[in-house]
$ cat structure-v9.csv   # CSV, C-alpha atoms and all ligand atoms
chain,number,residue,atom,x,y,z
A,14,MET,CA,0.0,0.0,0.0
A,15,SER,CA,1.9,3.0,-1.1
A,16,THR,CA,-0.3,5.9,-0.2
A,17,ASN,CA,-0.4,9.5,-1.0
A,18,ARG,CA,-2.0,10.2,2.4
A,19,PRO,CA,-0.4,13.1,4.2
A,20,ASN,CA,2.1,12.1,6.8
A,21,PRO,CA,0.6,13.3,10.1
A,22,PHE,CA,4.1,13.9,11.4
A,23,GLU,CA,4.8,16.4,8.6
A,24,VAL,CA,1.6,18.3,8.0
A,25,GLY,CA,0.7,21.5,9.8
A,26,GLY,CA,-1.7,21.7,12.7
A,27,GLU,CA,-1.4,20.6,16.3
A,28,TRP,CA,-1.3,17.3,18.2
A,29,LEU,CA,-4.4,16.9,20.3
A,30,LYS,CA,-4.6,14.2,23.1
A,31,CYS,CA,-8.0,12.6,22.7
A,32,ALA,CA,-10.2,10.4,24.9
A,33,LEU,CA,-12.5,8.8,22.3
A,34,HIS,CA,-14.3,6.1,24.3
A,35,THR,CA,-15.5,7.0,27.8
A,36,HIS,CA,-18.7,6.6,29.9
A,37,SER,CA,-20.6,8.8,32.3
A,38,THR,CA,-23.6,8.4,34.5
A,39,VAL,CA,-25.7,9.0,31.4
A,40,SER,CA,-25.1,5.3,31.0
A,41,ASP,CA,-22.9,2.9,33.1
A,42,GLY,CA,-20.1,5.3,34.0
A,43,THR,CA,-19.5,6.6,37.5
A,44,LEU,CA,-19.0,10.4,37.0
A,45,PRO,CA,-21.6,12.9,35.7
A,46,PRO,CA,-20.6,14.3,32.3
A,47,HIS,CA,-19.4,17.8,33.4
A,48,ILE,CA,-17.3,16.3,36.3
A,49,LEU,CA,-15.9,13.7,33.8
A,50,ALA,CA,-14.9,16.6,31.5
A,51,ASN,CA,-13.1,18.3,34.4
A,52,ALA,CA,-11.2,15.1,35.2
A,53,TYR,CA,-10.0,14.7,31.6
A,54,GLU,CA,-9.1,18.3,31.3
A,55,GLU,CA,-7.0,18.2,34.5
A,56,ALA,CA,-5.4,15.0,33.2
A,57,GLY,CA,-4.1,17.0,30.2
A,58,PHE,CA,-6.5,15.8,27.5
A,59,ASP,CA,-7.4,18.2,24.7
A,60,VAL,CA,-10.5,16.4,23.4
A,61,LEU,CA,-13.1,14.2,25.1
A,62,SER,CA,-16.0,12.2,23.6
A,63,ILE,CA,-18.4,10.7,26.1
A,64,THR,CA,-19.6,7.6,24.3
A,65,ASP,CA,-22.4,6.3,26.5
A,66,HIS,CA,-24.5,3.3,25.5
A,67,TRP,CA,-27.4,4.5,23.3
A,68,ARG,CA,-27.4,7.9,25.0
A,69,ILE,CA,-25.8,11.3,24.1
A,70,ALA,CA,-24.2,12.8,27.1
A,71,GLU,CA,-24.0,16.6,27.2
A,72,ALA,CA,-20.8,18.2,28.4
A,73,PRO,CA,-20.0,21.6,27.0
A,74,SER,CA,-16.5,22.4,25.7
A,75,THR,CA,-14.3,24.6,27.9
A,76,ASP,CA,-11.3,26.8,27.0
A,77,ARG,CA,-9.0,23.8,27.3
A,78,LEU,CA,-11.1,20.8,26.5
A,79,LEU,CA,-13.0,20.3,23.2
A,80,THR,CA,-15.9,17.9,23.7
A,81,ILE,CA,-17.4,15.9,20.8
A,82,PRO,CA,-20.8,14.2,21.0
A,83,GLY,CA,-20.5,10.5,20.5
A,84,ALA,CA,-22.0,7.1,21.5
A,85,GLU,CA,-21.3,3.4,21.6
A,86,LEU,CA,-23.9,1.6,19.5
A,87,GLY,CA,-24.5,-2.0,18.5
A,88,PHE,CA,-25.0,-4.2,15.5
A,89,ASP,CA,-26.2,-7.7,14.8
A,90,LEU,CA,-23.6,-10.4,14.0
A,91,ARG,CA,-24.2,-12.8,11.1
A,92,LYS,CA,-23.2,-15.9,13.1
A,93,PRO,CA,-23.0,-15.1,16.7
A,94,ALA,CA,-20.8,-17.4,18.8
A,95,TYR,CA,-23.4,-17.4,21.5
A,96,PRO,CA,-27.0,-16.0,21.9
A,97,ARG,CA,-27.2,-12.2,22.1
A,98,GLN,CA,-23.4,-11.8,21.6
A,99,PRO,CA,-22.7,-8.1,21.7
A,100,ALA,CA,-20.9,-6.3,18.9
A,101,GLU,CA,-20.3,-2.5,19.1
A,102,PHE,CA,-19.0,0.5,17.3
A,103,LEU,CA,-18.0,4.0,18.3
A,104,VAL,CA,-19.4,7.0,16.5
A,105,TRP,CA,-18.4,10.7,16.9
A,106,GLY,CA,-20.1,13.8,15.6
A,107,ILE,CA,-23.7,12.8,16.0
A,108,ASP,CA,-26.7,14.9,16.9
A,109,HIS,CA,-29.4,12.3,17.6
A,110,LEU,CA,-29.8,8.5,17.9
A,111,PRO,CA,-32.4,6.4,16.1
A,112,GLU,CA,-35.3,5.1,18.1
A,113,ASP,CA,-35.4,1.9,16.1
A,114,PRO,CA,-32.1,1.2,14.3
A,115,GLY,CA,-33.6,-1.8,12.6
A,116,GLY,CA,-31.7,-4.7,14.1
A,117,ASP,CA,-33.0,-7.9,15.7
A,118,LYS,CA,-34.8,-7.0,18.8
A,119,ASP,CA,-33.8,-10.3,20.4
A,120,ASN,CA,-30.3,-8.8,20.6
A,121,TRP,CA,-31.5,-5.6,22.4
A,122,MET,CA,-30.8,-5.4,26.1
A,123,PHE,CA,-31.8,-3.2,28.9
A,124,ASN,CA,-30.0,-3.4,32.2
A,125,ALA,CA,-31.6,-1.1,34.8
A,126,GLU,CA,-29.3,-1.9,37.6
A,127,GLU,CA,-26.1,-1.0,35.6
A,128,ASN,CA,-28.0,1.8,33.7
A,129,TRP,CA,-27.2,0.8,30.2
A,130,GLU,CA,-29.1,-0.5,27.2
A,131,ALA,CA,-28.1,-1.9,23.8
A,132,ARG,CA,-30.0,-1.8,20.5
A,133,THR,CA,-28.7,-3.0,17.2
A,134,PHE,CA,-28.4,-2.0,13.6
A,135,PRO,CA,-28.8,-5.0,11.2
A,136,SER,CA,-25.1,-4.8,10.4
A,137,LEU,CA,-22.0,-2.6,10.9
A,138,SER,CA,-22.5,-1.3,7.4
A,139,HIS,CA,-26.0,-0.2,8.3
A,140,GLY,CA,-24.7,1.7,11.4
A,141,ALA,CA,-22.0,3.4,9.3
A,142,ALA,CA,-24.5,4.4,6.7
A,143,TRP,CA,-26.7,6.0,9.3
A,144,ALA,CA,-23.7,7.8,10.8
A,145,ALA,CA,-22.7,9.1,7.3
A,146,THR,CA,-26.0,11.0,7.0
A,147,MET,CA,-24.6,13.3,9.7
A,148,GLY,CA,-21.0,13.3,8.6
A,149,ALA,CA,-20.1,11.3,11.7
A,150,VAL,CA,-17.1,9.0,11.9
A,151,VAL,CA,-17.3,5.3,12.8
A,152,TYR,CA,-14.7,2.9,14.2
A,153,THR,CA,-15.4,-0.7,15.3
A,154,ALA,CA,-15.1,-1.1,19.0
A,155,HIS,CA,-12.9,-3.7,20.8
A,156,PRO,CA,-13.3,-6.7,18.5
A,157,TYR,CA,-11.2,-9.0,20.7
A,158,TRP,CA,-13.1,-8.1,23.8
A,159,ASN,CA,-16.4,-8.9,22.0
A,160,GLN,CA,-14.8,-12.0,20.4
A,161,LEU,CA,-15.9,-10.9,17.0
A,162,SER,CA,-15.1,-13.0,13.9
A,163,ILE,CA,-13.0,-11.1,11.3
A,164,ASP,CA,-15.9,-11.9,8.9
A,165,ASP,CA,-18.2,-9.7,10.9
A,166,ILE,CA,-16.1,-6.6,10.2
A,167,ILE,CA,-13.7,-7.1,7.3
A,168,ASP,CA,-16.2,-6.2,4.5
A,169,ALA,CA,-18.1,-3.5,6.4
A,170,ASP,CA,-18.6,-0.4,4.3
A,171,GLY,CA,-18.1,3.1,5.7
A,172,ILE,CA,-16.0,2.5,8.8
A,173,ALA,CA,-12.9,4.6,9.1
A,174,GLY,CA,-11.1,2.3,11.5
A,175,ILE,CA,-10.9,0.0,14.5
A,176,GLU,CA,-10.4,0.4,18.2
A,177,VAL,CA,-7.0,-1.5,18.3
A,178,PHE,CA,-6.2,-1.0,21.9
A,179,ASN,CA,-8.7,-0.7,24.7
A,180,GLY,CA,-7.1,-0.1,28.1
A,181,SER,CA,-9.8,-1.1,30.4
A,182,ALA,CA,-10.4,-4.4,28.5
A,183,GLU,CA,-6.7,-5.1,28.8
A,184,GLU,CA,-6.9,-4.5,32.5
A,185,GLU,CA,-10.1,-6.4,33.0
A,186,ASP,CA,-9.3,-9.7,31.2
A,187,GLY,CA,-6.3,-9.2,29.0
A,188,ARG,CA,-8.4,-8.8,25.8
A,189,GLY,CA,-7.5,-5.2,25.1
A,190,ASP,CA,-5.3,-5.6,22.0
A,191,SER,CA,-7.1,-6.2,18.8
A,192,SER,CA,-4.0,-5.8,16.5
A,193,VAL,CA,-4.8,-9.2,14.9
A,194,TRP,CA,-8.1,-7.9,13.5
A,195,TRP,CA,-6.4,-4.7,12.3
A,196,ASP,CA,-3.6,-6.7,10.5
A,197,ALA,CA,-6.2,-9.0,8.9
A,198,MET,CA,-8.0,-6.0,7.5
A,199,LEU,CA,-4.9,-4.2,6.4
A,200,ALA,CA,-3.5,-7.3,4.8
A,201,SER,CA,-6.7,-7.7,2.8
A,202,GLY,CA,-5.9,-4.3,1.2
A,203,LYS,CA,-8.4,-2.3,3.2
A,204,THR,CA,-7.3,1.1,4.5
A,205,VAL,CA,-8.5,1.2,8.1
A,206,PHE,CA,-7.0,3.3,10.9
A,207,GLY,CA,-6.5,2.5,14.6
A,208,ILE,CA,-7.2,4.2,17.9
A,209,GLY,CA,-6.3,3.6,21.5
A,210,THR,CA,-8.8,4.3,24.3
A,211,ASP,CA,-9.3,3.8,28.0
A,212,ASP,CA,-13.1,2.9,27.7
A,213,GLN,CA,-13.3,4.6,31.1
A,214,HIS,CA,-16.2,3.7,33.4
A,215,TYR,CA,-14.3,4.0,36.7
A,216,PRO,CA,-11.9,6.9,36.5
A,217,LEU,CA,-9.8,5.9,39.4
A,218,PHE,CA,-8.7,2.8,37.7
A,219,GLU,CA,-9.1,3.5,34.0
A,220,LEU,CA,-8.8,7.2,33.1
A,221,GLY,CA,-5.8,7.6,30.8
A,222,LEU,CA,-5.0,3.9,30.3
A,223,ALA,CA,-4.6,4.7,26.6
A,224,TRP,CA,-5.3,7.6,24.3
A,225,THR,CA,-5.2,8.8,20.7
A,226,MET,CA,-3.0,11.6,19.4
A,227,VAL,CA,-4.8,13.4,16.6
A,228,ARG,CA,-3.0,15.8,14.2
A,229,ALA,CA,-5.7,18.3,13.6
A,230,ALA,CA,-5.6,21.4,11.4
A,231,GLU,CA,-7.2,23.3,14.3
A,232,ARG,CA,-8.9,22.7,17.6
A,233,THR,CA,-12.4,22.1,16.3
A,234,GLN,CA,-14.8,19.2,16.1
A,235,GLU,CA,-14.7,19.3,12.3
A,236,ALA,CA,-10.9,19.1,12.2
A,237,VAL,CA,-10.7,16.3,14.7
A,238,LEU,CA,-13.3,14.3,12.8
A,239,ASP,CA,-11.5,14.9,9.6
A,240,ALA,CA,-8.2,13.7,11.1
A,241,LEU,CA,-9.9,10.5,12.4
A,242,ARG,CA,-11.5,9.9,9.0
A,243,HIS,CA,-8.1,10.1,7.3
A,244,GLY,CA,-5.9,8.5,9.9
A,245,GLN,CA,-4.0,11.6,10.8
A,246,SER,CA,-3.2,10.2,14.2
A,247,TYR,CA,-1.3,7.6,16.3
A,248,PHE,CA,-2.2,6.0,19.6
A,249,SER,CA,-0.4,5.0,22.8
A,250,ASN,CA,-0.5,3.7,26.3
A,251,GLY,CA,2.8,5.2,27.2
A,252,PRO,CA,5.4,6.3,24.6
A,253,SER,CA,5.3,9.2,22.1
A,254,ILE,CA,6.2,9.1,18.4
A,255,HIS,CA,7.8,12.3,17.3
A,256,SER,CA,8.2,11.5,13.6
A,257,ILE,CA,8.2,8.8,11.0
A,258,GLU,CA,9.9,9.5,7.7
A,259,SER,CA,9.9,7.2,4.6
A,260,VAL,CA,13.4,7.1,3.2
A,261,GLU,CA,15.3,4.9,0.6
A,262,GLY,CA,15.1,1.3,1.8
A,263,GLY,CA,13.0,1.9,4.9
A,264,VAL,CA,11.7,4.3,7.5
A,265,ILE,CA,13.3,6.5,10.1
A,266,VAL,CA,11.5,6.8,13.4
A,267,GLU,CA,12.0,9.3,16.2
A,268,CYS,CA,10.3,8.6,19.5
A,269,SER,CA,10.5,8.8,23.3
A,270,PRO,CA,13.1,6.4,24.8
A,271,ALA,CA,12.2,2.9,23.5
A,272,ARG,CA,13.6,-0.6,24.1
A,273,SER,CA,12.3,-1.7,20.7
A,274,ILE,CA,10.9,-0.3,17.5
A,275,ARG,CA,9.1,-2.5,15.1
A,276,LEU,CA,7.9,-2.2,11.5
A,277,GLN,CA,5.0,-4.5,11.0
A,278,ARG,CA,3.8,-5.7,7.5
A,279,GLU,CA,1.5,-8.2,5.9
A,280,HIS,CA,1.9,-11.9,6.5
A,281,GLU,CA,4.9,-12.8,8.6
A,282,HIS,CA,7.0,-9.9,7.4
A,283,GLY,CA,8.5,-7.1,9.5
A,284,THR,CA,11.6,-5.8,11.0
A,285,ASN,CA,12.7,-4.4,14.3
A,286,VAL,CA,15.6,-2.9,16.3
A,287,SER,CA,15.8,-3.4,20.0
A,288,VAL,CA,18.3,-3.1,22.9
A,289,GLY,CA,19.0,-5.2,25.9
A,290,ARG,CA,18.8,-9.0,26.1
A,291,GLY,CA,18.2,-10.5,22.6
A,292,GLY,CA,18.7,-7.0,21.1
A,293,ARG,CA,18.2,-7.3,17.3
A,294,ARG,CA,19.1,-4.9,14.5
A,295,MET,CA,17.1,-5.2,11.3
A,296,GLY,CA,18.0,-1.7,10.6
A,297,ALA,CA,20.2,0.7,12.6
A,298,ILE,CA,20.0,2.6,15.9
A,299,LEU,CA,20.8,6.2,15.1
A,300,ALA,CA,20.4,7.8,18.5
A,301,THR,CA,19.9,6.7,22.2
A,302,ASP,CA,19.2,8.5,25.4
A,303,GLY,CA,21.6,8.5,28.4
A,304,ASN,CA,20.3,5.0,29.4
A,305,GLY,CA,20.9,3.3,26.1
A,306,LEU,CA,17.3,3.4,25.0
A,307,ILE,CA,16.5,4.1,21.4
A,308,THR,CA,15.3,7.6,20.4
A,309,ARG,CA,16.0,7.4,16.6
A,310,ALA,CA,16.3,4.4,14.4
A,311,PHE,CA,16.3,3.3,10.8
A,312,LEU,CA,14.2,0.2,10.0
A,313,ASP,CA,14.6,-1.8,6.8
A,314,CYS,CA,11.6,-2.3,4.6
A,315,ASP,CA,11.1,-3.7,1.1
A,316,PRO,CA,9.9,-1.1,-1.3
A,317,ASN,CA,6.4,-2.5,-2.0
A,318,PRO,CA,4.6,-3.8,1.1
A,319,VAL,CA,0.8,-4.3,1.2
A,320,TYR,CA,1.0,-2.0,4.2
A,321,ARG,CA,3.5,-1.1,6.9
A,322,ARG,CA,3.0,0.4,10.4
A,323,VAL,CA,5.3,1.2,13.3
A,324,VAL,CA,5.1,0.1,16.9
A,325,VAL,CA,7.3,1.7,19.6
A,326,VAL,CA,7.8,-0.3,22.8
A,327,ASP,CA,9.2,1.5,25.9
A,328,GLU,CA,11.2,0.1,28.8
A,329,THR,CA,8.0,-0.9,30.7
A,330,GLY,CA,6.4,-2.7,27.7
A,331,ALA,CA,4.0,0.2,27.0
A,332,ARG,CA,3.5,0.8,23.3
A,333,ALA,CA,2.7,3.5,20.7
A,334,TRP,CA,1.2,2.5,17.4
A,335,SER,CA,1.3,4.4,14.1
A,336,ASN,CA,-1.3,4.1,11.5
A,337,PRO,CA,-0.4,2.4,8.2
A,338,LEU,CA,2.2,4.7,6.6
B,401,ZN,ZN,-17.5,1.3,26.2

$ encode --input "structure-v9.csv" --output "structure tokens"
Amino acid sequence: MSTNRPNPFEVGGEWLKCALHTHSTVSDGTLPPHILANAYEEAGFDVLSITDHWRIAEAPSTDRLLTIPGAELGFDLRKPAYPRQPAEFLVWGIDHLPEDPGGDKDNWMFNAEENWEARTFPSLSHGAAWAATMGAVVYTAHPYWNQLSIDDIIDADGIAGIEVFNGSAEEEDGRGDSSVWWDAMLASGKTVFGIGTDDQHYPLFELGLAWTMVRAAERTQEAVLDALRHGQSYFSNGPSIHSIESVEGGVIVECSPARSIRLQREHEHGTNVSVGRGGRRMGAILATDGNGLITRAFLDCDPNPVYRRVVVVDETGARAWSNPL
């Protein structure tokens, strides 16, 4: 996939730290919307979308925090693995929700005790088509956590991407990393982008477990949605990526101190540089910090991959993921 997509590390604009999947007391979260907004603002976020289950929470933007109306909605699976198996997507930039989205009512649920409900569209494509009528942006939510089959999402129309890393799912039961689904879609030739989120319900445990850095032309809802639509972003649960540059024979990555930088591709292909035990050099370390961790590296890559994306791993094992280059 050689793309003419702008490189988010080279275009103008600013980096905005975004919380794109969060819950408030409007569904099954534990903080009211305006208190939740205060918490994200104080934690240094620039953008918050409260994505309650089948409800639109209202939290006005402040001078420092841009809020974007969103929700977490559901769709029917073709071949559920078990009865009423949930499947969800995230949507941002909406102004209403459909009373009857048209899915199988046997899959709808209402949980008064936990204050959430789920309705479904007949498919992910139906959900995305509804969202498109408002210019809203759709990413599939936590496919590993929901145990989706790749067949349930790989040919969906109108989705911009996939929630690749969900911090609270990772904490809850180790099912937060959906990279396998992402790679399957990318290897099939689809252009889909990734996000990382905290899926916060309990701020004490979950706020800031992962986030998405969006390169936006300006600090507005339209600019953030546009960046998400076109993959002008990367996501992380720790490290920062400062730049990624395509050069003859590979890519050059600059990042916060890392023990490993990988370039992942289709099939079993890929390269990495790393330090420490088993340190491997399929490329070259170009700069390190005072502790021998990598801050700049060259990674080999054949000239015509189906896709390529970068993962930076820091000393603690936390990661930052680029979109396909
Ligand atoms: Zn959620």

$ residues_around --input "structure-v9.csv" --residues "Ser37 (chain A)" --least-positions-apart "3" --cutoff "9 Å" --atoms "only C-alpha atoms" --output "list in words"
Ser40, Asp41, Gly42, Thr43, Leu44, Pro45, Pro46, Leu49, Ile63, Thr64, Asp65, Ala70, Gln213 and His214 of chain A

$ write_last_selection --input "structure-v9.csv" --atoms "C-alpha atoms" --output "PDB file, in the coordinates of the input"
ATOM      1  CA  SER A  40     -25.100   5.300  31.000  1.00  0.00           C
ATOM      2  CA  ASP A  41     -22.900   2.900  33.100  1.00  0.00           C
ATOM      3  CA  GLY A  42     -20.100   5.300  34.000  1.00  0.00           C
ATOM      4  CA  THR A  43     -19.500   6.600  37.500  1.00  0.00           C
ATOM      5  CA  LEU A  44     -19.000  10.400  37.000  1.00  0.00           C
ATOM      6  CA  PRO A  45     -21.600  12.900  35.700  1.00  0.00           C
ATOM      7  CA  PRO A  46     -20.600  14.300  32.300  1.00  0.00           C
ATOM      8  CA  LEU A  49     -15.900  13.700  33.800  1.00  0.00           C
ATOM      9  CA  ILE A  63     -18.400  10.700  26.100  1.00  0.00           C
ATOM     10  CA  THR A  64     -19.600   7.600  24.300  1.00  0.00           C
ATOM     11  CA  ASP A  65     -22.400   6.300  26.500  1.00  0.00           C
ATOM     12  CA  ALA A  70     -24.200  12.800  27.100  1.00  0.00           C
ATOM     13  CA  GLN A 213     -13.300   4.600  31.100  1.00  0.00           C
ATOM     14  CA  HIS A 214     -16.200   3.700  33.400  1.00  0.00           C
TER      15      HIS A 214
END

$ closest_residue --input "structure-v9.csv" --among "A:Arg293, A:His282, A:Arg91, A:Arg77" --to "Glu54 (chain A)" --atoms "all atoms listed in the file"
A:Arg77

$ residues_near_ligand --input "structure-v9.csv" --ligand "ligand ZN 401 (chain B)" --cutoff "10 Å" --atoms "only C-alpha atoms and all ligand atoms" --output "MDAnalysis selection string"
chainID A and resid 33:36 40:42 63:66 84:86 101:103 154:155 179 181:182 210:214

$ closest_residue --input "structure-v9.csv" --among "A:Ile175, A:Val288, A:Gln98, A:Leu299" --to "Asp327 (chain A)" --atoms "all atoms listed in the file"
A:Val288

$ closest_residue --input "structure-v9.csv" --among "A:Asn124, A:Ser191, A:Ser249, A:Thr153" --to "Ser136 (chain A)" --atoms "all atoms listed in the file"
A:Thr153

$ closest_residue --input "structure-v9.csv" --among "A:Ile307, A:Val264, A:Ile254, A:Leu199" --to "Gly292 (chain A)" --atoms "all atoms listed in the file"
A:Ile307

$ residues_near_point --input "structure-v9.csv" --point "(-26.8, -8.1, 16.4)" --cutoff "8 Å" --atoms "all atoms listed in the file" --output "PyMOL selection string"
chain A and resi 87-91+93+97-100+116-117+120+133-136

$ write_last_selection --input "structure-v9.csv" --atoms "C-alpha atoms" --output "short mmCIF file (atom, residue, chain, number, x, y, z; two decimals), in the coordinates of the input"
data_model
loop_
_atom_site.label_atom_id
_atom_site.label_comp_id
_atom_site.auth_asym_id
_atom_site.auth_seq_id
_atom_site.Cartn_x
_atom_site.Cartn_y
_atom_site.Cartn_z
CA GLY A 87 -24.50 -2.00 18.50
CA PHE A 88 -25.00 -4.20 15.50
CA ASP A 89 -26.20 -7.70 14.80
CA LEU A 90 -23.60 -10.40 14.00
CA ARG A 91 -24.20 -12.80 11.10
CA PRO A 93 -23.00 -15.10 16.70
CA ARG A 97 -27.20 -12.20 22.10
CA GLN A 98 -23.40 -11.80 21.60
CA PRO A 99 -22.70 -8.10 21.70
CA ALA A 100 -20.90 -6.30 18.90
CA GLY A 116 -31.70 -4.70 14.10
CA ASP A 117 -33.00 -7.90 15.70
CA ASN A 120 -30.30 -8.80 20.60
CA THR A 133 -28.70 -3.00 17.20
CA PHE A 134 -28.40 -2.00 13.60
CA PRO A 135 -28.80 -5.00 11.20
CA SER A 136 -25.10 -4.80 10.40
#

$ closest_residue --input "structure-v9.csv" --among "A:Ala223, A:Met295, A:Ala52, A:Leu238" --to "Gly283 (chain A)" --atoms "all atoms listed in the file"
A:Met295
